Structure formats: structure tokens, C-alpha cells
file structure09.cif (mmCIF, C-alpha atoms)
data_query
loop_
_atom_site.group_PDB
_atom_site.id
_atom_site.type_symbol
_atom_site.label_atom_id
_atom_site.label_comp_id
_atom_site.auth_asym_id
_atom_site.auth_seq_id
_atom_site.Cartn_x
_atom_site.Cartn_y
_atom_site.Cartn_z
ATOM 1 C CA MET A 1 -66.637 29.618 2.608
ATOM 2 C CA GLY A 2 -67.833 26.073 2.062
ATOM 3 C CA THR A 3 -67.008 22.775 3.673
ATOM 4 C CA ILE A 4 -63.466 21.480 3.829
ATOM 5 C CA PRO A 5 -62.860 18.826 1.161
ATOM 6 C CA ALA A 6 -61.767 15.414 2.495
ATOM 7 C CA ASP A 7 -58.625 15.475 0.360
ATOM 8 C CA ALA A 8 -57.592 19.053 1.282
ATOM 9 C CA THR A 9 -53.987 19.552 2.355
ATOM 10 C CA HIS A 10 -53.626 23.042 3.808
ATOM 11 C CA TRP A 11 -55.229 26.445 4.007
ATOM 12 C CA ASP A 12 -53.897 28.951 1.476
ATOM 13 C CA SER A 13 -55.250 32.521 1.229
ATOM 14 C CA GLY A 14 -58.757 31.541 2.185
ATOM 15 C CA ASP A 15 -58.963 28.431 -0.018
ATOM 16 C CA TRP A 16 -58.206 24.827 0.741
ATOM 17 C CA ILE A 17 -55.743 23.301 -1.676
ATOM 18 C CA ASP A 18 -56.797 19.878 -2.886
ATOM 19 C CA TRP A 19 -54.338 17.060 -3.551
ATOM 20 C CA HIS A 20 -55.695 16.725 -7.062
ATOM 21 C CA ARG A 21 -54.622 20.278 -7.918
ATOM 22 C CA LYS A 22 -51.003 19.411 -8.580
ATOM 23 C CA GLY A 23 -49.109 19.374 -11.845
ATOM 24 C CA THR A 24 -48.504 16.151 -13.664
ATOM 25 C CA PRO A 25 -44.965 14.768 -13.556
ATOM 26 C CA PRO A 26 -42.831 14.948 -16.694
ATOM 27 C CA HIS A 27 -42.852 11.918 -18.926
ATOM 28 C CA GLY A 28 -39.767 9.914 -19.796
ATOM 29 C CA ASP A 29 -36.728 8.945 -17.776
ATOM 30 C CA THR A 30 -36.135 10.741 -14.527
ATOM 31 C CA CYS A 31 -33.020 12.786 -14.106
ATOM 32 C CA THR A 32 -30.199 11.426 -12.009
ATOM 33 C CA GLY A 33 -28.065 13.808 -10.048
ATOM 34 C CA PRO A 34 -24.574 13.588 -8.664
ATOM 35 C CA SER A 35 -25.978 12.067 -5.479
ATOM 36 C CA ASP A 36 -26.379 8.786 -7.392
ATOM 37 C CA ASP A 37 -22.610 8.551 -7.908
ATOM 38 C CA PRO A 38 -20.846 6.716 -5.028
ATOM 39 C CA ALA A 39 -17.821 9.012 -5.241
ATOM 40 C CA ALA A 40 -20.049 12.081 -4.998
ATOM 41 C CA ARG A 41 -21.854 10.574 -2.007
ATOM 42 C CA LEU A 42 -18.498 9.894 -0.303
ATOM 43 C CA HIS A 43 -17.418 13.474 -0.925
ATOM 44 C CA THR A 44 -20.716 14.811 0.436
ATOM 45 C CA LEU A 45 -20.351 12.707 3.581
ATOM 46 C CA TYR A 46 -16.745 13.871 3.989
ATOM 47 C CA MET A 47 -17.767 17.532 3.687
ATOM 48 C CA ARG A 48 -20.669 17.136 6.117
ATOM 49 C CA LEU A 49 -18.428 15.503 8.710
ATOM 50 C CA LEU A 50 -15.912 18.342 8.403
ATOM 51 C CA GLN A 51 -18.709 20.904 8.726
ATOM 52 C CA SER A 52 -20.153 19.115 11.770
ATOM 53 C CA ALA A 53 -16.751 18.889 13.447
ATOM 54 C CA ARG A 54 -16.165 22.586 12.836
ATOM 55 C CA ALA A 55 -19.626 23.632 14.048
ATOM 56 C CA TYR A 56 -19.293 21.540 17.203
ATOM 57 C CA PHE A 57 -15.825 22.916 17.931
ATOM 58 C CA GLU A 58 -16.968 26.514 17.402
ATOM 59 C CA LEU A 59 -19.972 25.956 19.653
ATOM 60 C CA THR A 60 -18.326 24.047 22.496
ATOM 61 C CA GLY A 61 -14.570 24.399 22.161
ATOM 62 C CA GLU A 62 -14.379 20.589 22.284
ATOM 63 C CA HIS A 63 -13.590 18.095 19.536
ATOM 64 C CA LEU A 64 -15.960 15.440 18.241
ATOM 65 C CA PRO A 65 -14.309 12.006 18.064
ATOM 66 C CA ILE A 66 -14.698 11.784 14.281
ATOM 67 C CA TYR A 67 -11.304 12.829 12.925
ATOM 68 C CA GLU A 68 -10.206 9.261 12.122
ATOM 69 C CA GLY A 69 -13.405 8.793 10.118
ATOM 70 C CA ILE A 70 -12.785 12.052 8.265
ATOM 71 C CA ALA A 71 -9.208 10.935 7.564
ATOM 72 C CA ARG A 72 -10.431 7.586 6.270
ATOM 73 C CA LEU A 73 -12.842 9.292 3.870
ATOM 74 C CA HIS A 74 -10.116 11.689 2.728
ATOM 75 C CA VAL A 75 -7.846 8.731 1.957
ATOM 76 C CA ALA A 76 -10.641 6.964 0.064
ATOM 77 C CA ILE A 77 -11.275 10.050 -2.051
ATOM 78 C CA ALA A 78 -7.673 11.203 -2.571
ATOM 79 C CA PHE A 79 -5.968 7.845 -3.101
ATOM 80 C CA ASP A 80 -8.864 5.687 -4.310
ATOM 81 C CA LEU A 81 -8.529 3.277 -1.394
ATOM 82 C CA PRO A 82 -11.422 1.345 0.174
ATOM 83 C CA THR A 83 -13.410 2.776 3.065
ATOM 84 C CA ARG A 84 -13.905 -0.604 4.758
ATOM 85 C CA GLY A 85 -11.434 -2.943 6.339
ATOM 86 C CA PRO A 86 -7.756 -2.192 6.799
ATOM 87 C CA VAL A 87 -6.390 0.522 4.543
ATOM 88 C CA ARG A 88 -4.078 -1.191 2.081
ATOM 89 C CA CYS A 89 -1.785 0.564 -0.370
ATOM 90 C CA HIS A 90 -3.139 -0.830 -3.623
ATOM 91 C CA ASP A 91 -2.230 -4.530 -4.090
ATOM 92 C CA ASP A 92 0.228 -4.825 -1.212
ATOM 93 C CA CYS A 93 -0.859 -7.368 1.385
ATOM 94 C CA LYS A 94 0.435 -5.280 4.287
ATOM 95 C CA PRO A 95 -1.879 -2.588 5.678
ATOM 96 C CA ALA A 96 -1.035 1.088 5.593
ATOM 97 C CA GLN A 97 -0.356 2.994 8.779
ATOM 98 C CA LEU A 98 -2.925 5.808 8.903
ATOM 99 C CA ILE A 99 -2.230 8.706 11.267
ATOM 100 C CA THR A 100 -4.460 11.726 11.783
ATOM 101 C CA ILE A 101 -3.337 15.166 12.911
ATOM 102 C CA ALA A 102 -6.323 16.861 14.551
ATOM 103 C CA PRO A 103 -7.026 20.583 14.225
ATOM 104 C CA HIS A 104 -5.955 23.001 16.956
ATOM 105 C CA GLY A 105 -3.420 20.471 18.201
ATOM 106 C CA PRO A 106 -0.232 21.360 20.030
ATOM 107 C CA HIS A 107 2.063 20.350 17.157
ATOM 108 C CA ASP A 108 2.267 18.718 13.755
ATOM 109 C CA ILE A 109 4.555 15.856 14.729
ATOM 110 C CA VAL A 110 3.494 12.259 14.188
ATOM 111 C CA SER A 111 4.954 9.160 15.821
ATOM 112 C CA VAL A 112 5.311 6.237 13.448
ATOM 113 C CA ASP A 113 5.452 2.777 15.014
ATOM 114 C CA MET A 114 8.181 1.100 12.995
ATOM 115 C CA SER A 115 7.719 -2.240 14.784
ATOM 116 C CA LEU A 116 4.443 -2.794 12.893
ATOM 117 C CA PRO A 117 4.505 -4.251 9.392
ATOM 118 C CA PHE A 118 3.099 -1.689 6.951
ATOM 119 C CA CYS A 119 3.436 -0.862 3.278
ATOM 120 C CA CYS A 120 3.114 2.893 3.525
ATOM 121 C CA LEU A 121 2.443 5.726 5.915
ATOM 122 C CA ILE A 122 -0.564 7.935 5.242
ATOM 123 C CA VAL A 123 -0.846 11.096 7.299
ATOM 124 C CA VAL A 124 -4.005 13.173 7.089
ATOM 125 C CA ARG A 125 -3.831 16.648 8.580
ATOM 126 C CA ILE A 126 -7.082 18.362 9.433
ATOM 127 C CA LYS A 127 -6.141 22.011 9.556
ATOM 128 C CA ASP A 128 -7.455 24.619 11.989
ATOM 129 C CA ASN A 129 -9.884 25.879 9.324
ATOM 130 C CA PHE A 130 -11.315 22.326 9.066
ATOM 131 C CA THR A 131 -9.979 21.519 5.638
ATOM 132 C CA SER A 132 -7.741 18.517 5.189
ATOM 133 C CA GLU A 133 -4.781 17.300 3.203
ATOM 134 C CA ALA A 134 -2.947 14.000 3.064
ATOM 135 C CA ARG A 135 0.485 12.659 2.303
ATOM 136 C CA MET A 136 1.434 9.084 1.502
ATOM 137 C CA VAL A 137 5.001 7.821 2.005
ATOM 138 C CA PRO A 138 6.207 4.285 1.210
ATOM 139 C CA ALA A 139 7.534 2.506 4.287
ATOM 140 C CA ASP A 140 10.960 2.024 2.724
ATOM 141 C CA ALA A 141 11.287 5.801 2.198
ATOM 142 C CA LEU A 142 10.978 6.556 5.916
ATOM 143 C CA PRO A 143 14.147 7.307 7.884
ATOM 144 C CA ASP A 144 15.747 4.515 9.888
ATOM 145 C CA SER A 145 15.330 4.611 13.615
ATOM 146 C CA ALA A 146 17.318 3.150 16.487
ATOM 147 C CA GLY A 147 14.066 2.591 18.407
ATOM 148 C CA ASP A 148 10.607 1.377 17.552
ATOM 149 C CA THR A 149 9.230 4.833 16.675
ATOM 150 C CA VAL A 150 10.150 7.616 14.300
ATOM 151 C CA GLN A 151 9.052 11.201 14.915
ATOM 152 C CA LEU A 152 8.160 13.082 11.727
ATOM 153 C CA ARG A 153 6.985 16.638 11.166
ATOM 154 C CA TRP A 154 4.250 17.330 8.648
ATOM 155 C CA ARG A 155 6.463 19.718 6.695
ATOM 156 C CA ASP A 156 9.135 16.983 6.319
ATOM 157 C CA LEU A 157 6.743 14.529 4.633
ATOM 158 C CA PRO A 158 6.937 14.578 0.827
ATOM 159 C CA SER A 159 3.928 16.142 -0.845
ATOM 160 C CA THR A 160 1.816 13.679 -2.850
ATOM 161 C CA HIS A 161 -0.486 16.073 -4.721
#

call {"tool": "encode", "arguments": {"input": "structure09.cif", "output": "C-alpha cells"}}
result
Amino acid sequence: MGTIPADATHWDSGDWIDWHRKGTPPHGDTCTGPSDDPAARLHTLYMRLLQSARAYFELTGEHLPIYEGIARLHVAIAFDLPTRGPVRCHDDCKPAQLITIAPHGPHDIVSVDMSLPFCCLIVVRIKDNFTSEARMVPADALPDSAGDTVQLRWRDLPSTH
């Protein structure tokens, strides 16, 4: 065994591997993968947040405070709405009312504040198996209420997809 070369990287089966012993890169344009697509990156982030929330819940029995962020990403992916600023239903100037139903919750009832101006209601339900689904309802399609709030069950919301 001789001296260790100055540009050696690691010991491998009795020989030092030199940096200069690597293959040459292919010529031409480099390949681009789906990670370069903003929609694919959003979907990857969404899936990782769901996986993290599930792993944390299974480990501790507690919830991470990330369900609103997951819901926001779901809405961006499902309804092609922006991830920043107030969620707005397409070109309407009023914001949407976004409500999240967390997994392992006591019920699937949402309270809609009818005193707020909004163009549509978007409810994202994160199910107990940490998958999610969303429903969007125009504000004028919601039932009238004598008070400032309306109680709605998930199953009573019209399916959007």
C-alpha cells in the first residue's frame, strides 16, 4: 500500500478512489424533471405536508398546526387558485371563505360566518387517513340563516369533482 493521494476521496476495498476517476458527464442539454414544473413542486409540497402531519400524529397522538396550509395547497392544486394572499374565486373581488376540517375531529360540521362578505365557500376535509378533498359552493347557493352563522355538514355540500 502506497501513500494516500492528495485528491483521494474515500477508502474502497484497499484502494483510495481519486476524484479524477469519475465518468465524464453526458454532452448536450441536461434533462429536466417534473420538479422543474411549479405545479409538480406544489403537489410534492402538499404530499410531504400530509405525510408529515400523519407521521407526527401517529407518533405523538397530537396534531401539527399545518392543516390550514395543507388546505390552501389543496385549493391551489384543485381549483387553480393562488397560494398567496386572500383566496379569491377567480375574478371576483370578494375573498373566498376557506374552512378546514381536521382529521380525527369530533364531527364534520362547519360553521359559516354569513356576516362576512365572500364570493364562495371552500371546505377542505382532511380525512382520518390523511388524504384530502375539497368542495366549493358559491355564496348565493348557501342556505339562508336567521343568524350570522350557518351550520353545514360535509355530506350536505355539493360535490365539485

call {"tool": "closest_residue", "arguments": {"input": "structure09.cif", "among": "A:Gly85, A:Lys127, A:Glu68, A:Met114", "to": "Leu98 in chain A", "atoms": "all atoms listed in the file"}}
result
A:Glu68

call {"tool": "atom_distance", "arguments": {"input": "structure09.cif", "atom1": "CA of Ile109 in chain A", "atom2": "CA of Leu42 in chain A"}}
result
28.2 Å

call {"tool": "resolve_selection", "arguments": {"input": "structure09.cif", "expression": "the PyMOL selection byres ((chain A and resi 139-151) around 6)", "output": "list of chain:residue names"}}
result
A:Val110, A:Ser111, A:Val112, A:Asp113, A:Met114, A:Ser115, A:Cys119, A:Cys120, A:Pro138, A:Leu152

call {"tool": "closest_atom_pairs", "arguments": {"input": "structure09.cif", "of": "range 23-119 of chain A", "to": "range 154-160 of chain A", "cutoff": "12 Å", "atoms": "only C-alpha atoms", "output": "Markdown table"}}
result
| residue | atom | partner | partner_atom | distance |
| --- | --- | --- | --- | --- |
| A:Val75 | CA | A:Thr160 | CA | 11.9 |
| A:Ala78 | CA | A:Thr160 | CA | 9.8 |
| A:Phe79 | CA | A:Thr160 | CA | 9.7 |
| A:Ile99 | CA | A:Trp154 | CA | 11.1 |
| A:Thr100 | CA | A:Trp154 | CA | 10.8 |
| A:Ile101 | CA | A:Trp154 | CA | 9.0 |
| A:His107 | CA | A:Trp154 | CA | 9.3 |
| A:Asp108 | CA | A:Trp154 | CA | 5.7 |
| A:Ile109 | CA | A:Trp154 | CA | 6.3 |
| A:Val110 | CA | A:Trp154 | CA | 7.5 |
| A:Ser111 | CA | A:Trp154 | CA | 10.9 |

call {"tool": "atom_distance", "arguments": {"input": "structure09.cif", "atom1": "CA of Gln97 in chain A", "atom2": "CA of Ser132 in chain A"}}
result
17.6 Å

call {"tool": "atom_distance", "arguments": {"input": "structure09.cif", "atom1": "CA of Arg54 in chain A", "atom2": "CA of Glu133 in chain A"}}
result
15.8 Å

call {"tool": "residues_around", "arguments": {"input": "structure09.cif", "residues": "Pro95 in chain A", "least_positions_apart": "3", "cutoff": "8 Å", "atoms": "only C-alpha atoms", "output": "list in words"}}
result
Pro86, Val87, Arg88, Cys89, Asp92, Pro117, Phe118, Cys119 and Cys120 of chain A

call {"tool": "resolve_selection", "arguments": {"input": "structure09.cif", "expression": "the PyMOL selection byres ((chain A and resi 134) around 6)", "output": "list in words"}}
result
Val123, Val124, Glu133 and Arg135 of chain A

call {"tool": "closest_residue", "arguments": {"input": "structure09.cif", "among": "A:Asn129, A:Ile122, A:Thr83, A:Ala102", "to": "Pro65 in chain A", "atoms": "all atoms listed in the file"}}
result
A:Ala102

call {"tool": "closest_residue", "arguments": {"input": "structure09.cif", "among": "A:Asp128, A:Arg84, A:Ile77, A:Leu121", "to": "Pro38 in chain A", "atoms": "only C-alpha atoms"}}
result
A:Ile77

call {"tool": "residues_around", "arguments": {"input": "structure09.cif", "residues": "His43 in chain A", "least_positions_apart": "3", "cutoff": "9 Å", "atoms": "all atoms listed in the file", "output": "list in words"}}
result
Pro38, Ala39, Ala40, Tyr46, Met47, Arg48, Leu73, His74 and Ile77 of chain A

call {"tool": "closest_residue", "arguments": {"input": "structure09.cif", "among": "A:Asp80, A:Pro103, A:Ile126, A:Cys93", "to": "Phe57 in chain A", "atoms": "all atoms listed in the file"}}
result
A:Pro103

call {"tool": "closest_residue", "arguments": {"input": "structure09.cif", "among": "A:Asp37, A:Arg125, A:Phe130, A:Lys94", "to": "Ser52 in chain A", "atoms": "only C-alpha atoms"}}
result
A:Phe130

call {"tool": "closest_residue", "arguments": {"input": "structure09.cif", "among": "A:Leu81, A:Thr131, A:Leu116, A:Gly105", "to": "His63 in chain A", "atoms": "all atoms listed in the file"}}
result
A:Gly105

call {"tool": "decode", "arguments": {"input": "structure09.cif", "residues": "range 92-115 of chain A", "atoms": "N, CA, C and O atoms", "output": "PDB file, in the first residue's frame"}}
result
ATOM      1  N   ASP A  92     -63.615  37.389  -9.048  1.00  0.00           N
ATOM      2  CA  ASP A  92     -64.459  38.098  -8.085  1.00  0.00           C
ATOM      3  C   ASP A  92     -63.569  38.889  -7.122  1.00  0.00           C
ATOM      4  O   ASP A  92     -62.528  38.426  -6.701  1.00  0.00           O
ATOM      5  N   CYS A  93     -63.975  40.073  -6.765  1.00  0.00           N
ATOM      6  CA  CYS A  93     -63.158  40.899  -5.881  1.00  0.00           C
ATOM      7  C   CYS A  93     -63.321  40.504  -4.415  1.00  0.00           C
ATOM      8  O   CYS A  93     -62.499  40.863  -3.590  1.00  0.00           O
ATOM      9  N   LYS A  94     -64.358  39.773  -4.082  1.00  0.00           N
ATOM     10  CA  LYS A  94     -64.537  39.331  -2.703  1.00  0.00           C
ATOM     11  C   LYS A  94     -63.696  38.080  -2.465  1.00  0.00           C
ATOM     12  O   LYS A  94     -63.561  37.240  -3.346  1.00  0.00           O
ATOM     13  N   PRO A  95     -63.159  37.929  -1.255  1.00  0.00           N
ATOM     14  CA  PRO A  95     -62.384  36.708  -0.966  1.00  0.00           C
ATOM     15  C   PRO A  95     -63.317  35.516  -0.744  1.00  0.00           C
ATOM     16  O   PRO A  95     -64.505  35.676  -0.491  1.00  0.00           O
ATOM     17  N   ALA A  96     -62.741  34.346  -0.850  1.00  0.00           N
ATOM     18  CA  ALA A  96     -63.475  33.123  -0.526  1.00  0.00           C
ATOM     19  C   ALA A  96     -63.374  32.891   0.978  1.00  0.00           C
ATOM     20  O   ALA A  96     -62.467  33.397   1.635  1.00  0.00           O
ATOM     21  N   GLN A  97     -64.308  32.148   1.511  1.00  0.00           N
ATOM     22  CA  GLN A  97     -64.224  31.733   2.903  1.00  0.00           C
ATOM     23  C   GLN A  97     -63.714  30.295   2.891  1.00  0.00           C
ATOM     24  O   GLN A  97     -64.381  29.399   2.378  1.00  0.00           O
ATOM     25  N   LEU A  98     -62.497  30.097   3.399  1.00  0.00           N
ATOM     26  CA  LEU A  98     -61.847  28.793   3.400  1.00  0.00           C
ATOM     27  C   LEU A  98     -61.941  28.193   4.789  1.00  0.00           C
ATOM     28  O   LEU A  98     -61.504  28.801   5.771  1.00  0.00           O
ATOM     29  N   ILE A  99     -62.525  26.999   4.875  1.00  0.00           N
ATOM     30  CA  ILE A  99     -62.693  26.310   6.155  1.00  0.00           C
ATOM     31  C   ILE A  99     -62.068  24.932   6.032  1.00  0.00           C
ATOM     32  O   ILE A  99     -62.247  24.244   5.024  1.00  0.00           O
ATOM     33  N   THR A 100     -61.337  24.535   7.060  1.00  0.00           N
ATOM     34  CA  THR A 100     -60.662  23.246   7.073  1.00  0.00           C
ATOM     35  C   THR A 100     -61.296  22.342   8.116  1.00  0.00           C
ATOM     36  O   THR A 100     -61.523  22.766   9.254  1.00  0.00           O
ATOM     37  N   ILE A 101     -61.557  21.104   7.735  1.00  0.00           N
ATOM     38  CA  ILE A 101     -61.994  20.083   8.683  1.00  0.00           C
ATOM     39  C   ILE A 101     -60.788  19.187   8.938  1.00  0.00           C
ATOM     40  O   ILE A 101     -60.285  18.527   8.023  1.00  0.00           O
ATOM     41  N   ALA A 102     -60.299  19.186  10.164  1.00  0.00           N
ATOM     42  CA  ALA A 102     -59.099  18.432  10.521  1.00  0.00           C
ATOM     43  C   ALA A 102     -59.425  16.944  10.696  1.00  0.00           C
ATOM     44  O   ALA A 102     -60.557  16.581  11.001  1.00  0.00           O
ATOM     45  N   PRO A 103     -58.418  16.093  10.522  1.00  0.00           N
ATOM     46  CA  PRO A 103     -58.654  14.662  10.716  1.00  0.00           C
ATOM     47  C   PRO A 103     -58.890  14.331  12.192  1.00  0.00           C
ATOM     48  O   PRO A 103     -58.469  15.076  13.077  1.00  0.00           O
ATOM     49  N   HIS A 104     -59.557  13.231  12.422  1.00  0.00           N
ATOM     50  CA  HIS A 104     -59.835  12.729  13.769  1.00  0.00           C
ATOM     51  C   HIS A 104     -60.589  13.747  14.617  1.00  0.00           C
ATOM     52  O   HIS A 104     -60.438  13.792  15.830  1.00  0.00           O
ATOM     53  N   GLY A 105     -61.383  14.583  13.951  1.00  0.00           N
ATOM     54  CA  GLY A 105     -62.173  15.577  14.666  1.00  0.00           C
ATOM     55  C   GLY A 105     -63.461  14.970  15.198  1.00  0.00           C
ATOM     56  O   GLY A 105     -63.844  13.851  14.838  1.00  0.00           O
ATOM     57  N   PRO A 106     -64.157  15.707  16.033  1.00  0.00           N
ATOM     58  CA  PRO A 106     -65.380  15.175  16.628  1.00  0.00           C
ATOM     59  C   PRO A 106     -66.556  15.110  15.658  1.00  0.00           C
ATOM     60  O   PRO A 106     -67.494  14.348  15.867  1.00  0.00           O
ATOM     61  N   HIS A 107     -66.532  15.908  14.596  1.00  0.00           N
ATOM     62  CA  HIS A 107     -67.653  15.929  13.661  1.00  0.00           C
ATOM     63  C   HIS A 107     -67.207  16.514  12.327  1.00  0.00           C
ATOM     64  O   HIS A 107     -66.063  16.950  12.178  1.00  0.00           O
ATOM     65  N   ASP A 108     -68.106  16.510  11.386  1.00  0.00           N
ATOM     66  CA  ASP A 108     -67.807  17.079  10.064  1.00  0.00           C
ATOM     67  C   ASP A 108     -68.726  18.259   9.756  1.00  0.00           C
ATOM     68  O   ASP A 108     -69.120  18.476   8.625  1.00  0.00           O
ATOM     69  N   ILE A 109     -69.019  19.028  10.784  1.00  0.00           N
ATOM     70  CA  ILE A 109     -69.880  20.200  10.645  1.00  0.00           C
ATOM     71  C   ILE A 109     -69.006  21.448  10.613  1.00  0.00           C
ATOM     72  O   ILE A 109     -68.086  21.588  11.405  1.00  0.00           O
ATOM     73  N   VAL A 110     -69.313  22.336   9.667  1.00  0.00           N
ATOM     74  CA  VAL A 110     -68.590  23.604   9.593  1.00  0.00           C
ATOM     75  C   VAL A 110     -69.557  24.746   9.882  1.00  0.00           C
ATOM     76  O   VAL A 110     -70.738  24.669   9.571  1.00  0.00           O
ATOM     77  N   SER A 111     -69.035  25.781  10.514  1.00  0.00           N
ATOM     78  CA  SER A 111     -69.809  26.994  10.785  1.00  0.00           C
ATOM     79  C   SER A 111     -69.365  28.068   9.811  1.00  0.00           C
ATOM     80  O   SER A 111     -68.193  28.433   9.775  1.00  0.00           O
ATOM     81  N   VAL A 112     -70.307  28.559   9.032  1.00  0.00           N
ATOM     82  CA  VAL A 112     -70.011  29.574   8.028  1.00  0.00           C
ATOM     83  C   VAL A 112     -70.483  30.918   8.555  1.00  0.00           C
ATOM     84  O   VAL A 112     -71.650  31.087   8.902  1.00  0.00           O
ATOM     85  N   ASP A 113     -69.568  31.878   8.622  1.00  0.00           N
ATOM     86  CA  ASP A 113     -69.892  33.221   9.093  1.00  0.00           C
ATOM     87  C   ASP A 113     -70.515  33.998   7.932  1.00  0.00           C
ATOM     88  O   ASP A 113     -69.819  34.466   7.027  1.00  0.00           O
ATOM     89  N   MET A 114     -71.817  34.121   7.964  1.00  0.00           N
ATOM     90  CA  MET A 114     -72.538  34.783   6.879  1.00  0.00           C
ATOM     91  C   MET A 114     -72.461  36.303   6.960  1.00  0.00           C
ATOM     92  O   MET A 114     -72.858  36.995   6.018  1.00  0.00           O
ATOM     93  N   SER A 115     -71.939  36.847   8.061  1.00  0.00           N
ATOM     94  CA  SER A 115     -71.821  38.300   8.176  1.00  0.00           C
ATOM     95  C   SER A 115     -70.624  38.831   7.382  1.00  0.00           C
ATOM     96  O   SER A 115     -70.536  40.024   7.122  1.00  0.00           O
TER      97      SER A 115
END
